[in-house]
Amino acid sequence: MTDTTETAETAETAETAETTRSGRPPAGQLPLLAVTLGDPAGIGPEITARTLADPASAALGRGLAVGDAAVLRRAVELCGLDVRVNPVGGPGEARFAPGTIDVWDLGVAPGDLPWGRVNAVAGRSAVAAVEAATRAALAGEVDAVVTSPINKEAIWAAGSRHLGHTEMLGELTGAARVDTMFVVRGLKIFFTTRHLALRKALDQLTEDRVAASIRHAVTALRVFGHEAPRLAVAAVNPHGGEGGHFGDEEITVLGPAVAGAVADGLDVTGPVPADAVFHQGLEGRFDGVLSHFHDQGHIPAKTVDFAGTVSVTVGLPILRTSVDHGTAFDLAGSGRASHATMAAAFRAAADLSRCTDRIRAAYGTAVAR
């Protein structure tokens, strides 16, 4: 008869040995990441399937697809992947067996929706996946949510009133304020304004708004592992305004906001001309850069490393990472969509899952709505 104590000790020793050899915790201790399929008519299912079938991803985290099993099966077949799709009823049923992708099957969309077209059923599927994954994260059933792209027209056709993922997640979690943080090659990029016309974005740059964005960015840097965060604030005008000759926002808005932050003991520099500040950040002078409008932060990040730029939503009581691109309807159904961006978002979620306690402490524990 086998001694059960000896068996348990042997198993524990084997797990310890596995950790020692690989430098990673045993598979059962890897973070559990809920990966939404996104819009079924876009490339989300394809890049999710490729990512979750990749042994490199499995070595970092336990990936659970969230969406429709029929949609994932079509993506697996399209990509020619030698894996089995295993529908489950929730995170607790997933087994993460080799050669298998577990999918939390929500049963919303069939597997034959037209590729690359706006469709209300696809929109409902995308929204349902975000809702399910978010509630699971709030309940502590998963360690993070990784989102595939959704189509705004499709979710609106399905009855959603949200502009996108960020607004949806904010409502679902009851977050007081949510911000976008890009992570590219270790540098973190923040935004004072997001989806606004450039003219309107510049009109909304006030000292109070920039000061609040500075505080939120510094808090996020601390939450995500920087004990003594160093933040640079980008200028908005050429050459930082040249003393007011090329615009005075640096003098009237940005400079006073930076000075107030410094007076409060924060390590904040700026305004720094935007054509230099991102390069300086990537060199290691700063941990983060506060940009002020959408393209000011997006262009440098995606130029440096389009596939490696990951979007993290800060201010939520859960960890959420995402690809930094859309549904690519023109590529959907071709089987040629690169999963590099999704793999990067998956890696980032696995890595940043170590910060979940800080995330909850900083941003509170909201109740799912």
# chains A, B, ... in the order shown; residues from 1 in each chain; ligands from 1

call {"tool": "closest_atom_pairs", "arguments": {"of": "segment 170-202 of chain A", "to": "segment 125-138 of chain A", "cutoff": "12 Å", "atoms": "only C-alpha atoms", "output": "Markdown table"}}
result
| residue | atom | partner | partner_atom | distance |
| --- | --- | --- | --- | --- |
| A:Gly170 | CA | A:Thr134 | CA | 10.2 |
| A:Glu171 | CA | A:Glu131 | CA | 10.3 |
| A:Leu172 | CA | A:Glu131 | CA | 7.2 |
| A:Thr173 | CA | A:Leu138 | CA | 7.6 |
| A:Gly174 | CA | A:Leu138 | CA | 10.7 |
| A:Ala175 | CA | A:Leu138 | CA | 11.7 |

call {"tool": "select_by_dssp", "arguments": {"residues": "segment 150-347 of chain A", "states": "strand (DSSP E or B)", "output": "VMD selection string"}}
result
chain A and resid 179 to 184 187 to 191 230 to 234 245 247 267 to 272 288 to 291 310 to 314 320 to 322

call {"tool": "residues_around", "arguments": {"residues": "Val323 of chain A", "least_positions_apart": "2", "cutoff": "8 Å", "atoms": "only C-alpha atoms", "output": "MDAnalysis selection string"}}
result
chainID A and resid 147:149 309:311 321 325 341:342 344:345

call {"tool": "write_last_selection", "arguments": {"atoms": "all heavy atoms", "output": "PDB file, in the first residue's frame"}}
result
ATOM      1  N   THR A 147      -8.065  41.336 -23.105  1.00  0.00           N
ATOM      2  CA  THR A 147      -9.158  41.534 -24.050  1.00  0.00           C
ATOM      3  C   THR A 147      -8.687  41.598 -25.496  1.00  0.00           C
ATOM      4  O   THR A 147      -7.701  42.252 -25.820  1.00  0.00           O
ATOM      5  CB  THR A 147      -9.951  42.813 -23.727  1.00  0.00           C
ATOM      6  OG1 THR A 147      -9.067  43.944 -23.704  1.00  0.00           O
ATOM      7  CG2 THR A 147     -10.649  42.689 -22.384  1.00  0.00           C
ATOM      8  N   SER A 148      -9.444  40.909 -26.353  1.00  0.00           N
ATOM      9  CA  SER A 148      -9.287  41.021 -27.802  1.00  0.00           C
ATOM     10  C   SER A 148     -10.104  42.221 -28.290  1.00  0.00           C
ATOM     11  O   SER A 148     -11.000  42.694 -27.587  1.00  0.00           O
ATOM     12  CB  SER A 148      -9.796  39.746 -28.484  1.00  0.00           C
ATOM     13  OG  SER A 148      -8.972  38.649 -28.204  1.00  0.00           O
ATOM     14  N   PRO A 149      -9.841  42.690 -29.498  1.00  0.00           N
ATOM     15  CA  PRO A 149     -10.528  43.906 -29.975  1.00  0.00           C
ATOM     16  C   PRO A 149     -12.015  43.701 -30.211  1.00  0.00           C
ATOM     17  O   PRO A 149     -12.463  42.621 -30.618  1.00  0.00           O
ATOM     18  CB  PRO A 149      -9.793  44.235 -31.278  1.00  0.00           C
ATOM     19  CG  PRO A 149      -9.153  42.962 -31.708  1.00  0.00           C
ATOM     20  CD  PRO A 149      -8.821  42.222 -30.456  1.00  0.00           C
ATOM     21  N   THR A 309       3.507  46.817 -27.908  1.00  0.00           N
ATOM     22  CA  THR A 309       2.828  47.810 -27.068  1.00  0.00           C
ATOM     23  C   THR A 309       1.551  47.221 -26.488  1.00  0.00           C
ATOM     24  O   THR A 309       0.703  46.711 -27.218  1.00  0.00           O
ATOM     25  CB  THR A 309       2.494  49.081 -27.881  1.00  0.00           C
ATOM     26  OG1 THR A 309       3.701  49.677 -28.347  1.00  0.00           O
ATOM     27  CG2 THR A 309       1.740  50.083 -27.020  1.00  0.00           C
ATOM     28  N   VAL A 310       1.428  47.299 -25.171  1.00  0.00           N
ATOM     29  CA  VAL A 310       0.278  46.723 -24.469  1.00  0.00           C
ATOM     30  C   VAL A 310      -0.481  47.832 -23.758  1.00  0.00           C
ATOM     31  O   VAL A 310       0.116  48.727 -23.157  1.00  0.00           O
ATOM     32  CB  VAL A 310       0.732  45.663 -23.447  1.00  0.00           C
ATOM     33  CG1 VAL A 310      -0.442  45.154 -22.620  1.00  0.00           C
ATOM     34  CG2 VAL A 310       1.420  44.498 -24.154  1.00  0.00           C
ATOM     35  N   SER A 311      -1.801  47.770 -23.835  1.00  0.00           N
ATOM     36  CA  SER A 311      -2.655  48.725 -23.135  1.00  0.00           C
ATOM     37  C   SER A 311      -3.116  48.125 -21.810  1.00  0.00           C
ATOM     38  O   SER A 311      -3.609  46.998 -21.775  1.00  0.00           O
ATOM     39  CB  SER A 311      -3.869  49.066 -24.002  1.00  0.00           C
ATOM     40  OG  SER A 311      -4.753  49.927 -23.322  1.00  0.00           O
ATOM     41  N   THR A 321      -5.380  43.858 -19.303  1.00  0.00           N
ATOM     42  CA  THR A 321      -4.481  44.235 -20.386  1.00  0.00           C
ATOM     43  C   THR A 321      -5.192  43.996 -21.710  1.00  0.00           C
ATOM     44  O   THR A 321      -6.179  43.271 -21.783  1.00  0.00           O
ATOM     45  CB  THR A 321      -3.165  43.439 -20.357  1.00  0.00           C
ATOM     46  OG1 THR A 321      -3.439  42.060 -20.688  1.00  0.00           O
ATOM     47  CG2 THR A 321      -2.506  43.510 -18.995  1.00  0.00           C
ATOM     48  N   HIS A 325      -4.799  47.441 -30.866  1.00  0.00           N
ATOM     49  CA  HIS A 325      -5.300  47.638 -32.226  1.00  0.00           C
ATOM     50  C   HIS A 325      -6.750  47.202 -32.297  1.00  0.00           C
ATOM     51  O   HIS A 325      -7.318  46.688 -31.319  1.00  0.00           O
ATOM     52  CB  HIS A 325      -4.455  46.844 -33.237  1.00  0.00           C
ATOM     53  CG  HIS A 325      -4.422  45.366 -32.967  1.00  0.00           C
ATOM     54  ND1 HIS A 325      -5.497  44.534 -33.206  1.00  0.00           N
ATOM     55  CD2 HIS A 325      -3.441  44.564 -32.473  1.00  0.00           C
ATOM     56  CE1 HIS A 325      -5.190  43.300 -32.881  1.00  0.00           C
ATOM     57  NE2 HIS A 325      -3.954  43.281 -32.423  1.00  0.00           N
ATOM     58  N   THR A 341       0.640  40.767 -30.914  1.00  0.00           N
ATOM     59  CA  THR A 341       0.104  41.756 -29.974  1.00  0.00           C
ATOM     60  C   THR A 341      -0.635  41.071 -28.832  1.00  0.00           C
ATOM     61  O   THR A 341      -0.530  41.485 -27.674  1.00  0.00           O
ATOM     62  CB  THR A 341      -0.849  42.718 -30.696  1.00  0.00           C
ATOM     63  OG1 THR A 341      -1.815  41.948 -31.434  1.00  0.00           O
ATOM     64  CG2 THR A 341      -0.097  43.612 -31.661  1.00  0.00           C
ATOM     65  N   MET A 342      -1.406  40.034 -29.146  1.00  0.00           N
ATOM     66  CA  MET A 342      -2.118  39.304 -28.094  1.00  0.00           C
ATOM     67  C   MET A 342      -1.138  38.563 -27.193  1.00  0.00           C
ATOM     68  O   MET A 342      -1.315  38.520 -25.964  1.00  0.00           O
ATOM     69  CB  MET A 342      -3.126  38.332 -28.705  1.00  0.00           C
ATOM     70  CG  MET A 342      -3.839  37.450 -27.676  1.00  0.00           C
ATOM     71  SD  MET A 342      -4.692  38.386 -26.367  1.00  0.00           S
ATOM     72  CE  MET A 342      -6.194  38.853 -27.220  1.00  0.00           C
ATOM     73  N   ALA A 344       1.819  39.536 -26.478  1.00  0.00           N
ATOM     74  CA  ALA A 344       2.407  40.560 -25.616  1.00  0.00           C
ATOM     75  C   ALA A 344       1.456  40.935 -24.490  1.00  0.00           C
ATOM     76  O   ALA A 344       1.871  41.114 -23.334  1.00  0.00           O
ATOM     77  CB  ALA A 344       2.773  41.793 -26.440  1.00  0.00           C
ATOM     78  N   ALA A 345       0.159  41.075 -24.801  1.00  0.00           N
ATOM     79  CA  ALA A 345      -0.826  41.404 -23.765  1.00  0.00           C
ATOM     80  C   ALA A 345      -0.943  40.275 -22.754  1.00  0.00           C
ATOM     81  O   ALA A 345      -1.107  40.511 -21.550  1.00  0.00           O
ATOM     82  CB  ALA A 345      -2.184  41.685 -24.411  1.00  0.00           C
TER      83      ALA A 345
END

call {"tool": "residues_around", "arguments": {"residues": "Gly44 of chain A", "least_positions_apart": "4", "cutoff": "10 Å", "atoms": "only C-alpha atoms", "output": "PyMOL selection string"}}
result
chain A and resi 35-40+48-49+72+75+126+147-150+323+326-328+332+337+339+342

call {"tool": "select_by_dssp", "arguments": {"residues": "segment 163-334 of chain A", "states": "helix (DSSP H, G or I)", "output": "NGL selection string"}}
result
:A and (165-173 or 198-203 or 207-223 or 238-241 or 249-263 or 274-283 or 294-305)

call {"tool": "atom_distance", "arguments": {"atom1": "atom CA of Cys79 of chain A", "atom2": "atom CA of Gly333 of chain A"}}
result
9.2 Å

call {"tool": "residues_around", "arguments": {"residues": "Phe346 of chain A", "least_positions_apart": "4", "cutoff": "12 Å", "atoms": "only C-alpha atoms", "output": "JSON, numbers by chain"}}
result
{"A": [31, 32, 33, 34, 35, 36, 47, 48, 50, 51, 52, 54, 56, 57, 58, 59, 60, 61, 62, 63, 64, 65, 143, 144, 145, 146, 147, 148, 308, 309, 310, 311, 312, 319, 320, 321, 322, 323, 339, 340, 341, 342, 350, 351, 352, 353]}

call {"tool": "atom_distance", "arguments": {"atom1": "atom CA of Gly116 of chain A", "atom2": "atom CA of Ala349 of chain A"}}
result
27.8 Å

call {"tool": "closest_residue", "arguments": {"among": "A:Leu316, A:Ala211, A:Ala261, A:Ala139", "to": "Met168 of chain A", "atoms": "only C-alpha atoms"}}
result
A:Leu316
